[in-house]
2 protein chains.
Amino acid sequence: MVNETHDPAARSWVASANQSGADFPIQNLPLGAFRRTAAEQPRAGMAIGDRVLDLESCGAWDGPLHALMASPATQRAALRLAVFRLLRDDATPSTRARVEQALLPLDAVTMVMPAPIGDFTDFFGSIHHASRAVELMRPGAPLFESYRSMPLAYHGRSSSIVVSGTDVRRPRGQRRRREGGAAYEPTRRLDYEAELGIFAGPGNDLGSPIAIGDAWAHVVGVCLLNDWSARDIQAWESDPLGPFLGKSFATTVSPWVVTAEALAPYRVAAAPRGDDAPPLPDYLCSADDAALGAMAIEVEVAILTSAMRTAGDAPHRLSLSNAATLYWTSAQLVTHQTSNGCNLRPGDLLGSGTLSGIDRTTWACLLELTRGGREPITLPSGESRAFLEDGDEIVIRGRASAPGAPGLGLGECRGRVVAA
Amino acid sequence: MVNETHDPAARSWVASANQSGADFPIQNLPLGAFRRTAAEQPRAGMAIGDRVLDLESCGAWDGPLHALMASPATQRAALRLAVFRLLRDDATPSTRARVEQALLPLDAVTMVMPAPIGDFTDFFGSIHHASRAVELMRPGAPLFESYRSMPLAYHGRSSSIVVSGTDVRRPRGQRRRREGGAAYEPTRRLDYEAELGIFAGPGNDLGSPIAIGDAWAHVVGVCLLNDWSARDIQAWESDPLGPFLGKSFATTVSPWVVTAEALAPYRVAAAPRGDDAPPLPDYLCSADDAALGAMAIEVEVAILTSAMRTAGDAPHRLSLSNAATLYWTSAQLVTHQTSNGCNLRPGDLLGSGTLSGIDRTTWACLLELTRGGREPITLPSGESRAFLEDGDEIVIRGRASAPGAPGLGLGECRGRVVAA
């Protein structure tokens, strides 16, 4: 499915799109929703360089982004191609003049949620993260029995998903008291988890699973996601029904949805299942998916504390991991989610799970980095952290890379912790 | 909060509303959404006897039911009072003539979902159900450690919630194989769970919990709910993240939302917490809630098999339980749900959990009635059931009763299993 829109030599007449390492070159064209004023309804846009293209103003799409997510993959591809040609440096002067009036500086608009999210599912896609979770939760126990047979997941909370830049209030909640019973107070073990978020569309009818060969047609694209977690609340409440209030106080997503089509050149082989893995049921198997089901997207997590902000320091990197190390592919998540007939609707969101790899430099949450809080990390500012403190900001960035391809950025997913 | 609209002596000029034992007397006035034709948008209505009152046609409410759920409790109360007076037998002939043209026979309209549901949470509110679940899952183990400290729950799936009368397709899914690994095939252990569903509105801002004293203002009303469950899928997938595909294939709700205000005369003391229960954190405590936080609603589950349908038999009662036996009150569910700052939105749905009591006659799912399928039950038709078979229809009915009050029905929640 690589086509004209993936041409690594293509350049845009929007000069900022052509800078080396730009998040939004002409080969990206991610989808987002924005407002020009606080009063207006969200508008559908695409990012190009340091600009947002207003899709309605340029005549490319007349409706909300949500409706575009509901459209078939072929229609989304046609829109991408049309916009690509409008923005390429060989556009005629008259086209360019027409499109120019539909471009706004990114810093002049307010990004909002790409879509109203009907349902949010959070998967547990990294076997490395899952294995370390077992070590911390159940020392000496084997990996969860069904882990390598299916992508494990829980239903998440849609209402509390917020867009990058929204402050996150430290939640109150119940934690187990050493002396018995429970206390209700601000969490003492606030954590982040860096993930990818997959926006679904157009989706399936209730009762009709999506076959693995069709799954990518139901992936609109990918964003960055911070699955904020209160570990003390989570530990006390999770038996036997799983995570609930320890997660539902906030989930942050980056505003730009990098489309499945834009990511085509960055697809790589799925991670090996392991020689001793149980046989995989047929519905999750596909030779194409094994060969090209993963995405080479590097994800960096950085922290900016209040003291660092005051001192003018840059955020400090906590981890750099790669989504290609996930045990389960995006197609497997979509197919498994619908394998019981459950329906996906346009704008539904699937979290990949914490993007932790093998090495310590890839551990994408504090639970792993501090061994459950027992081994605090020291920052260059001299501060130490077992878990997050008020004023700490977590900044997640992502970039797809592949040999011979220009590379694409996913933008930023930021959130700052404010006091309970 | 008992007022003129609860007067047990009040009668309506709609004769069918005055029949003894009617679900929808003038003291009920439940909210529902309906269509007169397949093409039109859902309309807001109230049930009265065997009729539905079109709220827009009679001038009482101009908008979707969803918007009414978003309005403050005082506005919903004012609407209830206004409609009550329109329908009471002392209405003037001109009022009656005007309202009569806004009444439609219930069997001439199609009931649809009362609201687009943003988030669905399923609680585990019956300690009797939870205790038997432990017996079956972990023989000899104590009750879940946090059970009596907080209302345990998991996030459910919104997209697959359907209205009463919708067929339920038997889901396929993974189950553990005795010989190791997993099979993917139609569930062999399909079950129902009878619950109440609580529709929320207007809800709270993210970061601002709802205090227990304010919780009822955020309960629009109550419906019946069938939390269909595939026990084999559920058992294999639930460690450690809780129920997922074993539940998300379908949840059925009854179409009429019996309002919190209509239920005021049926409020009773909350079930005792138990002398050895741990101290309850303050945010879940309220003397008013302890005194009047439960609802005296009897819920009956009946089954109609294909053979019974062919023979013209009536549905056979499987259980009759009472929501007043729940360990957690509706106010505690609302308050706990928002205690971490999580926001409720109008139309969000909270399931009470399976309404099982102590006695076998009150066990509200097959898992309990058949001891995990090991002791099939025999029906009057001579058939036996360990779990549900294709063609089986589950019919849940509910009725609120109290001394000196006329009683209210919740209507019906029906769903028939169709082959995978």
# chains A, B, ... in the order shown; residues from 1 in each chain; ligands from 1
>>> interface_residues(of="chain A", to="chain B", cutoff="7 Å", atoms="only C-alpha atoms", output="NGL selection string")
:A and (118-119 or 144 or 146 or 149 or 152-160 or 169 or 171-173 or 181-184 or 206-207 or 236-237 or 239-245 or 248-249 or 278-279 or 281 or 339-343)
>>> residues_around(residues="stretch 327-331 of chain B", least_positions_apart="3", cutoff="9 Å", atoms="only C-alpha atoms", output="MDAnalysis selection string")
chainID B and resid 124:128 148 150:151 198 211:216 218:219 270:273 284 289:290 293:295 324 334:336 350 352
>>> write_last_selection(atoms="N, CA, C and O atoms", output="CSV table (one decimal), in the first residue's frame")
chain,number,residue,atom,x,y,z
B,124,PHE,N,-20.4,-4.9,41.7
B,124,PHE,CA,-20.4,-6.3,42.2
B,124,PHE,C,-21.2,-6.1,43.6
B,124,PHE,O,-20.6,-6.5,44.6
B,125,GLY,N,-22.4,-5.6,43.6
B,125,GLY,CA,-23.0,-5.0,44.7
B,125,GLY,C,-23.6,-6.0,45.7
B,125,GLY,O,-23.8,-5.7,46.9
B,126,SER,N,-23.8,-7.3,45.3
B,126,SER,CA,-24.4,-8.3,46.2
B,126,SER,C,-23.3,-9.1,46.9
B,126,SER,O,-22.5,-9.8,46.2
B,127,ILE,N,-23.2,-9.0,48.2
B,127,ILE,CA,-22.2,-9.8,48.9
B,127,ILE,C,-22.5,-11.3,48.9
B,127,ILE,O,-21.6,-12.1,48.9
B,128,HIS,N,-23.8,-11.6,48.7
B,128,HIS,CA,-24.2,-13.0,48.6
B,128,HIS,C,-23.7,-13.6,47.3
B,128,HIS,O,-23.1,-14.7,47.2
B,148,ARG,N,-15.7,-5.3,51.4
B,148,ARG,CA,-16.5,-4.6,52.4
B,148,ARG,C,-16.0,-3.1,52.7
B,148,ARG,O,-16.6,-2.4,53.5
B,150,MET,N,-15.2,-1.0,49.9
B,150,MET,CA,-15.6,-0.2,48.7
B,150,MET,C,-16.5,-1.0,47.8
B,150,MET,O,-16.3,-2.3,47.7
B,151,PRO,N,-17.3,-0.4,47.0
B,151,PRO,CA,-18.1,-1.1,45.9
B,151,PRO,C,-17.1,-1.5,44.8
B,151,PRO,O,-16.7,-0.6,44.1
B,198,ILE,N,-28.5,1.8,36.7
B,198,ILE,CA,-28.7,3.2,37.1
B,198,ILE,C,-28.2,4.2,36.1
B,198,ILE,O,-27.1,4.2,35.7
B,211,ALA,N,-20.3,14.2,46.4
B,211,ALA,CA,-20.4,13.8,47.8
B,211,ALA,C,-21.6,12.9,47.9
B,211,ALA,O,-22.6,13.0,47.2
B,212,ILE,N,-21.6,12.0,48.9
B,212,ILE,CA,-22.7,11.0,49.0
B,212,ILE,C,-24.0,11.7,49.3
B,212,ILE,O,-25.0,11.2,48.8
B,213,GLY,N,-24.0,12.8,49.9
B,213,GLY,CA,-25.3,13.6,50.2
B,213,GLY,C,-25.9,14.1,48.9
B,213,GLY,O,-27.1,14.4,48.9
B,214,ASP,N,-25.1,14.3,47.9
B,214,ASP,CA,-25.6,14.8,46.6
B,214,ASP,C,-25.8,13.7,45.6
B,214,ASP,O,-26.3,14.0,44.4
B,215,ALA,N,-25.5,12.5,45.9
B,215,ALA,CA,-25.5,11.4,44.9
B,215,ALA,C,-26.9,11.2,44.2
B,215,ALA,O,-26.9,11.1,43.0
B,216,TRP,N,-28.0,11.3,44.9
B,216,TRP,CA,-29.3,11.0,44.3
B,216,TRP,C,-29.7,12.0,43.3
B,216,TRP,O,-30.4,11.7,42.4
B,218,HIS,N,-27.9,12.9,41.1
B,218,HIS,CA,-27.2,12.5,39.9
B,218,HIS,C,-27.7,11.1,39.4
B,218,HIS,O,-27.1,10.5,38.5
B,219,VAL,N,-28.8,10.7,40.0
B,219,VAL,CA,-29.4,9.4,39.5
B,219,VAL,C,-30.7,9.8,38.8
B,219,VAL,O,-31.7,10.2,39.5
B,270,ALA,N,-30.5,0.5,54.2
B,270,ALA,CA,-29.5,-0.3,53.5
B,270,ALA,C,-29.3,-1.6,54.3
B,270,ALA,O,-29.5,-1.6,55.5
B,271,ALA,N,-28.8,-2.6,53.6
B,271,ALA,CA,-28.6,-3.9,54.3
B,271,ALA,C,-27.5,-3.7,55.3
B,271,ALA,O,-26.6,-2.8,55.1
B,272,PRO,N,-27.5,-4.4,56.4
B,272,PRO,CA,-26.5,-4.3,57.4
B,272,PRO,C,-25.1,-4.6,56.9
B,272,PRO,O,-24.9,-5.5,56.0
B,273,ARG,N,-24.1,-3.9,57.3
B,273,ARG,CA,-22.7,-4.1,56.8
B,273,ARG,C,-22.1,-5.3,57.5
B,273,ARG,O,-21.0,-5.8,57.0
B,284,LEU,N,-18.0,7.4,52.0
B,284,LEU,CA,-19.1,6.5,51.7
B,284,LEU,C,-20.1,6.4,52.8
B,284,LEU,O,-21.1,5.6,52.7
B,289,ASP,N,-28.3,7.8,54.1
B,289,ASP,CA,-28.1,6.7,53.1
B,289,ASP,C,-28.3,5.3,53.8
B,289,ASP,O,-28.9,4.4,53.3
B,290,ALA,N,-27.8,5.2,55.0
B,290,ALA,CA,-28.0,4.0,55.8
B,290,ALA,C,-29.5,3.8,56.1
B,290,ALA,O,-30.0,2.7,56.0
B,293,GLY,N,-31.2,4.2,51.9
B,293,GLY,CA,-30.4,4.2,50.7
B,293,GLY,C,-30.7,3.1,49.8
B,293,GLY,O,-30.3,3.1,48.6
B,294,ALA,N,-31.5,2.0,50.2
B,294,ALA,CA,-31.8,0.9,49.4
B,294,ALA,C,-33.1,1.0,48.8
B,294,ALA,O,-33.9,1.9,49.1
B,295,MET,N,-33.4,0.2,47.8
B,295,MET,CA,-34.7,0.3,47.0
B,295,MET,C,-35.3,-1.1,47.1
B,295,MET,O,-34.7,-2.1,46.8
B,324,ALA,N,-33.1,-4.7,47.7
B,324,ALA,CA,-32.9,-4.1,49.0
B,324,ALA,C,-31.8,-5.0,49.7
B,324,ALA,O,-31.2,-4.5,50.7
B,334,VAL,N,-22.5,5.8,43.1
B,334,VAL,CA,-22.2,7.0,42.4
B,334,VAL,C,-21.0,7.7,43.0
B,334,VAL,O,-20.1,8.3,42.3
B,335,THR,N,-21.0,7.8,44.3
B,335,THR,CA,-20.0,8.5,45.0
B,335,THR,C,-18.6,7.8,44.9
B,335,THR,O,-17.6,8.5,44.6
B,336,HIS,N,-18.6,6.5,45.0
B,336,HIS,CA,-17.3,5.8,44.8
B,336,HIS,C,-16.8,5.9,43.4
B,336,HIS,O,-15.6,6.2,43.2
B,350,LEU,N,-24.6,2.6,35.4
B,350,LEU,CA,-24.0,1.9,36.4
B,350,LEU,C,-24.8,0.6,36.7
B,350,LEU,O,-26.0,0.7,37.1
B,352,SER,N,-25.8,-2.6,39.0
B,352,SER,CA,-25.7,-2.9,40.5
B,352,SER,C,-24.9,-4.1,40.8
B,352,SER,O,-24.5,-4.2,41.9
>>> select_by_dssp(residues="stretch 143-306 of chain B", states="helix (DSSP H, G or I)", output="list in words")
Ile212, Gly213, Asp214, Ala215, Trp216, Ala217, His218, Arg231, Asp232, Ile233, Gln234, Ala235, Trp236, Glu237, Ala264, Pro265, Tyr266, Asp282, Tyr283, Leu284, Ala287, Asp288, Asp289, Ala290, Ala291, Leu292 and Ser306 of chain B
>>> atom_distance(atom1="atom CA of B:Thr378", atom2="atom CA of B:Ser321")
19.9 Å
>>> atom_distance(atom1="atom CA of B:Glu412", atom2="atom CA of B:Ala260")
18.1 Å
>>> select_by_dssp(residues="stretch 368-407 of chain B", states="strand (DSSP E or B)", output="ChimeraX atom specification")
/B:377-378,384-385,393-400
>>> atom_distance(atom1="atom CA of A:Ser16", atom2="atom CA of A:Gly49")
4.6 Å
>>> residues_around(residues="stretch 308-318 of chain B", least_positions_apart="3", cutoff="12 Å", atoms="only C-alpha atoms", output="number ranges by chain")
B: 192-194, 299-305, 321, 356, 360-366, 368-370, 377-383, 385, 391-397, 414, 416
>>> residues_around(residues="B:Arg188", least_positions_apart="6", cutoff="9 Å", atoms="only C-alpha atoms", output="PDB file with all heavy atoms, in the first residue's frame")
ATOM      1  N   ALA B 230     -20.235 -15.069  29.369  1.00  0.00           N
ATOM      2  CA  ALA B 230     -19.728 -16.351  28.855  1.00  0.00           C
ATOM      3  C   ALA B 230     -18.683 -16.831  29.857  1.00  0.00           C
ATOM      4  O   ALA B 230     -17.568 -16.305  29.894  1.00  0.00           O
ATOM      5  CB  ALA B 230     -19.139 -16.179  27.465  1.00  0.00           C
ATOM      6  N   ARG B 231     -19.059 -17.798  30.685  1.00  0.00           N
ATOM      7  CA  ARG B 231     -18.227 -18.147  31.847  1.00  0.00           C
ATOM      8  C   ARG B 231     -16.885 -18.768  31.467  1.00  0.00           C
ATOM      9  O   ARG B 231     -15.899 -18.613  32.193  1.00  0.00           O
ATOM     10  CB  ARG B 231     -18.992 -19.097  32.768  1.00  0.00           C
ATOM     11  CG  ARG B 231     -20.313 -18.554  33.283  1.00  0.00           C
ATOM     12  CD  ARG B 231     -20.148 -17.277  34.079  1.00  0.00           C
ATOM     13  NE  ARG B 231     -21.417 -16.814  34.633  1.00  0.00           N
ATOM     14  CZ  ARG B 231     -21.566 -15.646  35.251  1.00  0.00           C
ATOM     15  NH1 ARG B 231     -20.547 -14.809  35.373  1.00  0.00           N
ATOM     16  NH2 ARG B 231     -22.741 -15.301  35.722  1.00  0.00           N
ATOM     17  N   ASP B 232     -16.858 -19.509  30.343  1.00  0.00           N
ATOM     18  CA  ASP B 232     -15.589 -20.130  29.940  1.00  0.00           C
ATOM     19  C   ASP B 232     -14.613 -19.073  29.426  1.00  0.00           C
ATOM     20  O   ASP B 232     -13.430 -19.076  29.772  1.00  0.00           O
ATOM     21  CB  ASP B 232     -15.805 -21.260  28.916  1.00  0.00           C
ATOM     22  CG  ASP B 232     -16.873 -20.949  27.874  1.00  0.00           C
ATOM     23  OD1 ASP B 232     -17.382 -19.800  27.837  1.00  0.00           O
ATOM     24  OD2 ASP B 232     -17.205 -21.855  27.088  1.00  0.00           O
ATOM     25  N   PHE B 387     -26.187 -24.404  31.396  1.00  0.00           N
ATOM     26  CA  PHE B 387     -26.065 -23.032  30.917  1.00  0.00           C
ATOM     27  C   PHE B 387     -27.098 -22.843  29.805  1.00  0.00           C
ATOM     28  O   PHE B 387     -27.852 -23.778  29.501  1.00  0.00           O
ATOM     29  CB  PHE B 387     -24.622 -22.757  30.452  1.00  0.00           C
ATOM     30  CG  PHE B 387     -23.667 -22.673  31.618  1.00  0.00           C
ATOM     31  CD1 PHE B 387     -22.863 -23.753  31.967  1.00  0.00           C
ATOM     32  CD2 PHE B 387     -23.616 -21.525  32.393  1.00  0.00           C
ATOM     33  CE1 PHE B 387     -22.015 -23.681  33.077  1.00  0.00           C
ATOM     34  CE2 PHE B 387     -22.778 -21.449  33.503  1.00  0.00           C
ATOM     35  CZ  PHE B 387     -21.981 -22.526  33.835  1.00  0.00           C
ATOM     36  N   LEU B 388     -27.128 -21.649  29.198  1.00  0.00           N
ATOM     37  CA  LEU B 388     -28.171 -21.343  28.217  1.00  0.00           C
ATOM     38  C   LEU B 388     -27.923 -22.030  26.875  1.00  0.00           C
ATOM     39  O   LEU B 388     -26.776 -22.166  26.436  1.00  0.00           O
ATOM     40  CB  LEU B 388     -28.269 -19.829  28.010  1.00  0.00           C
ATOM     41  CG  LEU B 388     -28.705 -19.036  29.240  1.00  0.00           C
ATOM     42  CD1 LEU B 388     -28.609 -17.523  28.979  1.00  0.00           C
ATOM     43  CD2 LEU B 388     -30.114 -19.428  29.662  1.00  0.00           C
ATOM     44  N   GLU B 389     -29.003 -22.423  26.235  1.00  0.00           N
ATOM     45  CA  GLU B 389     -28.903 -23.000  24.906  1.00  0.00           C
ATOM     46  C   GLU B 389     -29.509 -22.041  23.888  1.00  0.00           C
ATOM     47  O   GLU B 389     -30.248 -21.128  24.246  1.00  0.00           O
ATOM     48  CB  GLU B 389     -29.614 -24.360  24.885  1.00  0.00           C
ATOM     49  CG  GLU B 389     -28.959 -25.303  25.901  1.00  0.00           C
ATOM     50  CD  GLU B 389     -29.279 -26.770  25.686  1.00  0.00           C
ATOM     51  OE1 GLU B 389     -30.068 -27.096  24.776  1.00  0.00           O
ATOM     52  OE2 GLU B 389     -28.719 -27.572  26.452  1.00  0.00           O
TER      53      GLU B 389
END
>>> residues_around(residues="stretch 74-88 of chain B", least_positions_apart="2", cutoff="10 Å", atoms="only C-alpha atoms", output="ChimeraX atom specification")
/B:3-6,10-14,17,26-31,46,48,53,55,58-61,68-72,90-92,95-96,98-100,217,220,259-262
>>> write_last_selection(atoms="C-alpha atoms", output="JSON list (two decimals), in the first residue's frame")
[["chain", "number", "residue", "atom", "x", "y", "z"],
["B", 3, "ASN", "CA", -45.02, 14.96, 47.08],
["B", 4, "GLU", "CA", -48.27, 15.25, 45.16],
["B", 5, "THR", "CA", -46.95, 12.94, 42.41],
["B", 6, "HIS", "CA", -46.68, 10.07, 44.88],
["B", 10, "ALA", "CA", -54.23, 9.57, 42.43],
["B", 11, "ARG", "CA", -55.84, 8.13, 39.31],
["B", 12, "SER", "CA", -55.43, 8.90, 35.63],
["B", 13, "TRP", "CA", -57.98, 9.46, 32.92],
["B", 14, "VAL", "CA", -55.93, 6.87, 31.00],
["B", 17, "ALA", "CA", -53.02, 3.10, 34.25],
["B", 26, "ILE", "CA", -49.73, 7.70, 37.19],
["B", 27, "GLN", "CA", -47.29, 7.60, 40.14],
["B", 28, "ASN", "CA", -44.61, 6.02, 37.91],
["B", 29, "LEU", "CA", -44.21, 8.08, 34.69],
["B", 30, "PRO", "CA", -40.95, 6.42, 33.60],
["B", 31, "LEU", "CA", -38.79, 7.93, 30.88],
["B", 46, "MET", "CA", -43.25, 8.72, 29.43],
["B", 48, "ILE", "CA", -48.76, 5.69, 31.34],
["B", 53, "LEU", "CA", -46.92, 10.04, 26.06],
["B", 55, "LEU", "CA", -43.37, 14.67, 25.47],
["B", 58, "CYS", "CA", -47.88, 17.43, 24.45],
["B", 59, "GLY", "CA", -45.59, 20.41, 24.93],
["B", 60, "ALA", "CA", -43.85, 19.07, 28.02],
["B", 61, "TRP", "CA", -40.28, 18.63, 26.72],
["B", 68, "LEU", "CA", -33.53, 15.73, 29.83],
["B", 69, "MET", "CA", -31.11, 13.42, 31.66],
["B", 70, "ALA", "CA", -28.55, 16.23, 31.55],
["B", 71, "SER", "CA", -30.92, 18.68, 33.23],
["B", 72, "PRO", "CA", -30.89, 19.33, 36.99],
["B", 90, "ASP", "CA", -59.14, 15.90, 37.29],
["B", 91, "ALA", "CA", -57.55, 17.34, 34.14],
["B", 92, "THR", "CA", -59.93, 19.64, 32.26],
["B", 95, "THR", "CA", -56.27, 19.56, 28.57],
["B", 96, "ARG", "CA", -57.34, 15.98, 28.14],
["B", 98, "ARG", "CA", -54.86, 18.16, 23.85],
["B", 99, "VAL", "CA", -52.87, 15.44, 25.64],
["B", 100, "GLU", "CA", -54.86, 12.60, 24.13],
["B", 217, "ALA", "CA", -29.43, 14.27, 42.41],
["B", 220, "VAL", "CA", -31.96, 9.93, 36.76],
["B", 259, "THR", "CA", -37.06, 7.81, 37.94],
["B", 260, "ALA", "CA", -35.35, 8.30, 41.28],
["B", 261, "GLU", "CA", -38.26, 10.53, 42.24],
["B", 262, "ALA", "CA", -40.88, 7.88, 41.42]]
